[in-house]
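Below: the structure, in structure tokens.
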Protein chains: 2
Amino acid sequence: MRIGELSRRSGVSVPTIKFYVREGLLPAGQLTSPNQASYDSGHERRLKLIRALLDVGGLSLAAIGDVLHTIDDPAQPVHNVLGVAAKRITALEGGEPGPELDDAREEVAELLVRRGWRAEAHSPAGEALAGVLVALRRAGHGGFVELLDDYAAAAEPVARADLDYVGRRAAREDLVESVVIGTVLGEAMFSALRRLAHVDASARAYGDGRPREPRGAG
Amino acid sequence: MRIGELSRRSGVSVPTIKFYVREGLLPAGQLTSPNQASYDSGHERRLKLIRALLDVGGLSLAAIGDVLHTIDDPAQPVHNVLGVAAKRITALEGGEPGPELDDAREEVAELLVRRGWRAEAHSPAGEALAGVLVALRRAGHGGFVELLDDYAAAAEPVARADLDYVGRRAAREDLVESVVIGTVLGEAMFSALRRLAHVDASARAYGDGRPREPRGAG
DNA sequence: CCAATATGGATAGTGGCACTCTCCGCTATC
DNA sequence: GATAGCGGAGAGTGCCACTATCCATATTGG
């Protein structure tokens, strides 16, 4: 197909597709003449992945480029792809160093031990968590940190479900893509569900005129 | 205190504080002379809240202004504050209408019935979820939607913990602020935990028994 | 065959965002 | 009385994700 059809199918304008090719996010089409090229379903798929990561995942084009580059490198082991995807979701670069941050890192390390998680406190995710703890305390809501274990307990089955989904993929290309999609869009999915659950819990707690009803486990 | 000290305490530069005042995010200081004003701990607290929502929560200044305006309006009921906070987290404006989106909305409605959640499918959170489902399918990973119930089950205890934390606040100002902090930073906290849990699950599934590889190798 | 449209490639420009700079006349402080 | 800081306001900056324009060439429909 030519660029016009690719544009129609993907919902991305022709100039934007050209822009993505220039930026190295999308491979150029196969040239059939000096100024004609053909694109295939791989281009369409890649374009949809870019738009999902950009629009729903909220990643920057630079971050997306990083992720795609890792996906396309067949030498990269799968867990590296996960690492890059996770790293680029949050651009939270540590924050200001200081005793607050050191304490938060220590707390993250303790949490990992407490839960027996095989992860490092200094990994990007660990740093992001420490940054959140610091921000909570700085904002005067250090009490919220008490929920850390509740949150961690909820994160475990989610992560298991994610890995289970990824594990069902056979082909490497499909696998690494599902890692990225699962990491990024899974986050958006959970966030939306959490907010829906908030609405529910808030309706029950603060009243919308209807009587309270107990809910299953509580 | 004067603006210089406020800047030192909050870590926000003087021009940026002035900018926030101009934009209506921060109330002006109490004028003691035509060109002298004094700021108090309330300003400091508000400034730290702004930075937390901006740096960690990833909200835009416009969204933060919206949220703060709702917080400051004593007539606003608490669940409205939650609604505004939830609404402004994701700027996901519905996406393109079409049969895909209608189907996704229907799916969200069914989920709400299935779980007995008192929330509306057409709420911002419901729309956001529908948007994620559409994006997953468009990206060729509709299978990920199978995890919806697993995710929802994990979201319930998280939402309960959030509301429980909020419920322990007495003063209205503290309460609505904790709603915002909990909604926004809680999301960042869970995301970081989920990624840590991924690392753990991935280490067990793909790297078990082997020594950890340094990042970037491969 | 020819006009209208589409294409690849490149450079330059746009609009939004979150600041940041500069200037002014005035005030607090050493 | 010199110096640093201050409140206020407009203009400028840098980054980001496009978007517009231009050119020579290709394809397409009549």
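The way I read the labels, and the way they are meant: chains A, B, ... in the order of the structure tokens, residue 1 as the first residue of every chain, and ligand 1 as the first ligand shown, with later ones counted on from there.
Residues of chain A having any atom within 12 Å of chain C, counting only C-alpha atoms (C1' of nucleotides), are Arg2, Ile3, Gly4, Glu5, Val14, Pro15, Ile17, Lys18, Phe19, Val21, Arg22, Ala28, Gly29, Gln30, Leu31, Thr32, Ser33, Pro34, Asn35, Gln36, Ala37 and Ser38 of chain A.
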Generate a file of the selected residues that holds N, CA and C atoms, formatted as a tab-separated table (two decimals), in the first residue's frame.
chain	number	residue	atom	x	y	z
A	2	ARG	N	0.31	2.36	-0.43
A	2	ARG	CA	1.05	3.59	-0.41
A	2	ARG	C	0.68	4.43	0.81
A	3	ILE	N	1.35	5.56	0.96
A	3	ILE	CA	1.24	6.29	2.22
A	3	ILE	C	-0.19	6.77	2.50
A	4	GLY	N	-0.92	7.07	1.44
A	4	GLY	CA	-2.28	7.54	1.63
A	4	GLY	C	-3.16	6.49	2.28
A	5	GLU	N	-3.04	5.26	1.82
A	5	GLU	CA	-3.85	4.20	2.40
A	5	GLU	C	-3.40	3.90	3.83
A	14	VAL	N	-0.84	11.97	6.75
A	14	VAL	CA	0.33	11.71	5.91
A	14	VAL	C	1.56	12.50	6.39
A	15	PRO	N	1.42	13.82	6.65
A	15	PRO	CA	2.61	14.55	7.13
A	15	PRO	C	3.16	13.97	8.43
A	17	ILE	N	2.98	10.81	9.42
A	17	ILE	CA	3.70	9.57	9.08
A	17	ILE	C	5.10	9.91	8.56
A	18	LYS	N	5.17	10.88	7.67
A	18	LYS	CA	6.47	11.31	7.14
A	18	LYS	C	7.38	11.76	8.29
A	19	PHE	N	6.78	12.49	9.20
A	19	PHE	CA	7.53	12.98	10.37
A	19	PHE	C	8.08	11.82	11.20
A	21	VAL	N	8.76	8.82	10.17
A	21	VAL	CA	9.82	8.17	9.41
A	21	VAL	C	11.12	8.96	9.58
A	22	ARG	N	11.00	10.28	9.47
A	22	ARG	CA	12.18	11.14	9.64
A	22	ARG	C	12.80	10.96	11.01
A	28	ALA	N	11.16	3.42	6.80
A	28	ALA	CA	10.70	3.96	5.53
A	28	ALA	C	10.08	2.86	4.70
A	29	GLY	N	9.21	3.24	3.78
A	29	GLY	CA	8.60	2.26	2.89
A	29	GLY	C	9.62	1.74	1.88
A	30	GLN	N	9.25	0.62	1.25
A	30	GLN	CA	10.11	0.04	0.23
A	30	GLN	C	9.98	0.87	-1.05
A	31	LEU	N	11.10	1.45	-1.48
A	31	LEU	CA	11.05	2.31	-2.67
A	31	LEU	C	10.83	1.47	-3.93
A	32	THR	N	9.84	1.88	-4.72
A	32	THR	CA	9.60	1.22	-6.01
A	32	THR	C	10.04	2.13	-7.15
A	33	SER	N	10.15	3.39	-6.87
A	33	SER	CA	10.65	4.40	-7.81
A	33	SER	C	11.33	5.45	-6.95
A	34	PRO	N	12.04	6.38	-7.57
A	34	PRO	CA	12.71	7.41	-6.76
A	34	PRO	C	11.74	8.16	-5.85
A	35	ASN	N	10.50	8.26	-6.23
A	35	ASN	CA	9.58	8.94	-5.33
A	35	ASN	C	8.27	8.17	-5.14
A	36	GLN	N	8.39	6.86	-5.09
A	36	GLN	CA	7.24	6.03	-4.74
A	36	GLN	C	7.73	4.92	-3.82
A	37	ALA	N	6.94	4.65	-2.80
A	37	ALA	CA	7.31	3.60	-1.86
A	37	ALA	C	6.06	2.84	-1.46
A	38	SER	N	6.25	1.59	-1.05
A	38	SER	CA	5.09	0.81	-0.61
A	38	SER	C	5.28	0.39	0.84
Item to check | All residues 12 Å or closer to Glu110 in chain A, only C-alpha atoms (C1' of nucleotides), same chain fewer than 6 positions away omitted, as a PyMOL selection string | outcome: chain A and resi 103-104+116-117+119-121+126+130+148-149
Residue subset to file, keeping N, CA and C atoms, as a CSV table (one decimal), in the first residue's frame:
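Once written, part37.csv looks like this:
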chain,number,residue,atom,x,y,z
A,103,ASP,N,16.3,8.0,52.9
A,103,ASP,CA,15.4,7.2,53.8
A,103,ASP,C,14.4,6.5,52.9
A,104,ALA,N,13.9,7.2,51.9
A,104,ALA,CA,12.8,6.5,51.1
A,104,ALA,C,13.4,5.3,50.4
A,116,GLY,N,9.7,-10.3,49.8
A,116,GLY,CA,10.4,-11.3,49.0
A,116,GLY,C,10.5,-11.1,47.5
A,117,TRP,N,10.4,-9.8,47.2
A,117,TRP,CA,10.5,-9.5,45.7
A,117,TRP,C,11.9,-9.5,45.2
A,119,ALA,N,13.7,-7.8,43.2
A,119,ALA,CA,13.9,-6.6,42.5
A,119,ALA,C,14.9,-5.7,43.3
A,120,GLU,N,15.5,-4.8,42.6
A,120,GLU,CA,16.5,-3.9,43.3
A,120,GLU,C,15.9,-2.6,43.6
A,121,ALA,N,16.2,-2.1,44.8
A,121,ALA,CA,15.7,-0.8,45.2
A,121,ALA,C,16.2,0.3,44.3
A,126,GLY,N,12.2,1.2,41.5
A,126,GLY,CA,12.4,1.5,42.9
A,126,GLY,C,12.7,2.9,43.1
A,130,ALA,N,10.6,5.5,45.4
A,130,ALA,CA,11.2,6.3,46.5
A,130,ALA,C,10.9,7.8,46.2
A,148,LEU,N,1.4,1.5,51.7
A,148,LEU,CA,2.4,0.8,50.8
A,148,LEU,C,2.1,-0.7,50.8
A,149,ASP,N,2.0,-1.3,51.9
A,149,ASP,CA,1.8,-2.8,51.9
A,149,ASP,C,0.5,-3.2,51.2
Item to check | Pick from B:Pro77, B:Ser13, B:Leu68, B:Ala139, whichever lies nearest to His43 in chain A using only C-alpha atoms | outcome: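 Of the candidates, the smallest distance to His43 in chain A is held by B:Ala139.
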Checklist entry - RMSD over all C-alpha atoms, chain A superposed on chain B in order? => result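 Once chain A is overlaid on chain B, the RMSD is 4.4 Å.
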Item to check | Selected residue of minimal separation from chain D among A:Asp55, A:Asp200, A:Glu177, A:Glu187, counting only C-alpha atoms (C1' of nucleotides) | outcome: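 Using only C-alpha atoms (C1' of nucleotides), the shortest distance to chain D belongs to A:Asp55.
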Next on the checklist: Taking only range 107-198 of chain B into account, list the residues labelled alpha helix (DSSP H) by DSSP (computed from the backbone), as a ChimeraX atom specification.
Outcome noted: /B:107-115,124-138,148-167,172-198
Item to check | Residue with smallest distance to DA17 in chain D - pool A:Ala161, A:Leu6, A:Leu111, A:Leu54, counting only C-alpha atoms (C1' of nucleotides) | outcome: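 Looking only at the distances to DA17 in chain D, the closest residue turns out to be A:Leu54.
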Would you give me, as CSV, each residue of chain B having an atom within 7 Å of an atom of chain A, along with its shortest atom pair and that distance in Å to one decimal, using only C-alpha atoms and sorting by chain and residue number?
residue,atom,partner,partner_atom,distance
B:Arg45,CA,A:Ala139,CA,6.6
B:Lys48,CA,A:Ala139,CA,5.2
B:Leu49,CA,A:Ala139,CA,5.3
B:Ala52,CA,A:Ala135,CA,5.7
B:Val56,CA,A:Val132,CA,6.6
B:His79,CA,A:Ser202,CA,6.5
B:Ala86,CA,A:Arg195,CA,6.5
B:Trp117,CA,A:Asp200,CA,5.3
B:Arg118,CA,A:Asp200,CA,4.5
B:Ala119,CA,A:Asp200,CA,5.4
B:Ala125,CA,A:Ala192,CA,5.1
B:Gly126,CA,A:Leu196,CA,6.7
B:Ala128,CA,A:Ala192,CA,6.0
B:Leu129,CA,A:Ala192,CA,5.3
B:Val132,CA,A:Met189,CA,6.1
B:Ala135,CA,A:Ala52,CA,5.8
B:Arg138,CA,A:Lys48,CA,6.6
B:Ala139,CA,A:Lys48,CA,5.3
B:Phe144,CA,A:Tyr165,CA,6.9
B:Leu147,CA,A:Ala161,CA,6.8
B:Asp150,CA,A:Val158,CA,6.8
B:Tyr151,CA,A:Val158,CA,6.0
B:Ala152,CA,A:Leu193,CA,6.0
B:Ala154,CA,A:Ala154,CA,5.1
B:Ala155,CA,A:Arg194,CA,5.0
B:Glu156,CA,A:Ala197,CA,5.9
B:Val158,CA,A:Tyr151,CA,6.0
B:Ala159,CA,A:His198,CA,5.3
B:Arg160,CA,A:Ala201,CA,6.6
B:Ala161,CA,A:Leu147,CA,6.7
B:Leu163,CA,A:Ala201,CA,7.0
B:Tyr165,CA,A:Phe144,CA,6.9
B:Leu185,CA,A:Val132,CA,6.8
B:Glu187,CA,A:Ser191,CA,6.5
B:Ala188,CA,A:Val132,CA,6.8
B:Met189,CA,A:Leu129,CA,5.9
B:Phe190,CA,A:Tyr151,CA,6.1
B:Ser191,CA,A:Glu187,CA,6.5
B:Ala192,CA,A:Ala125,CA,5.1
B:Leu193,CA,A:Ala152,CA,6.0
B:Arg194,CA,A:Ala155,CA,5.0
B:Arg195,CA,A:Ala125,CA,5.9
B:Leu196,CA,A:Ala125,CA,5.7
B:Ala197,CA,A:Ala159,CA,5.7
B:His198,CA,A:Ala159,CA,5.3
B:Val199,CA,A:Ala119,CA,5.7
B:Asp200,CA,A:Arg118,CA,4.5
B:Ala201,CA,A:Arg160,CA,6.6
B:Ser202,CA,A:His79,CA,6.5
B:Ala203,CA,A:Arg118,CA,6.7
B:Gly218,CA,A:Gln76,CA,5.8
Checklist entry - Quick one, how far is CA of Val81 in chain A from CA of Leu59 in chain B? => result 27.1 Å
Checklist entry - Once you count only C-alpha atoms (C1' of nucleotides), which residues of chain D turn out to be within 10 Å of chain A? Could you give them as an MDAnalysis selection string? => result chainID D and resid 16:20 24:27
Would you mind exporting the chosen residues as a tab-separated table (two decimals), in the first residue's frame, restricted to C-alpha atoms (C1' of nucleotides)?
chain	number	residue	atom	x	y	z
D	16	DC	C1'	7.74	19.11	21.90
D	17	DA	C1'	4.62	17.20	18.50
D	18	DC	C1'	3.31	18.25	14.81
D	19	DT	C1'	1.91	21.09	10.26
D	20	DA	C1'	2.72	23.84	6.06
D	24	DA	C1'	10.35	17.29	-8.92
D	25	DT	C1'	8.48	13.12	-10.06
D	26	DA	C1'	4.68	9.18	-10.48
D	27	DT	C1'	0.32	7.49	-10.99
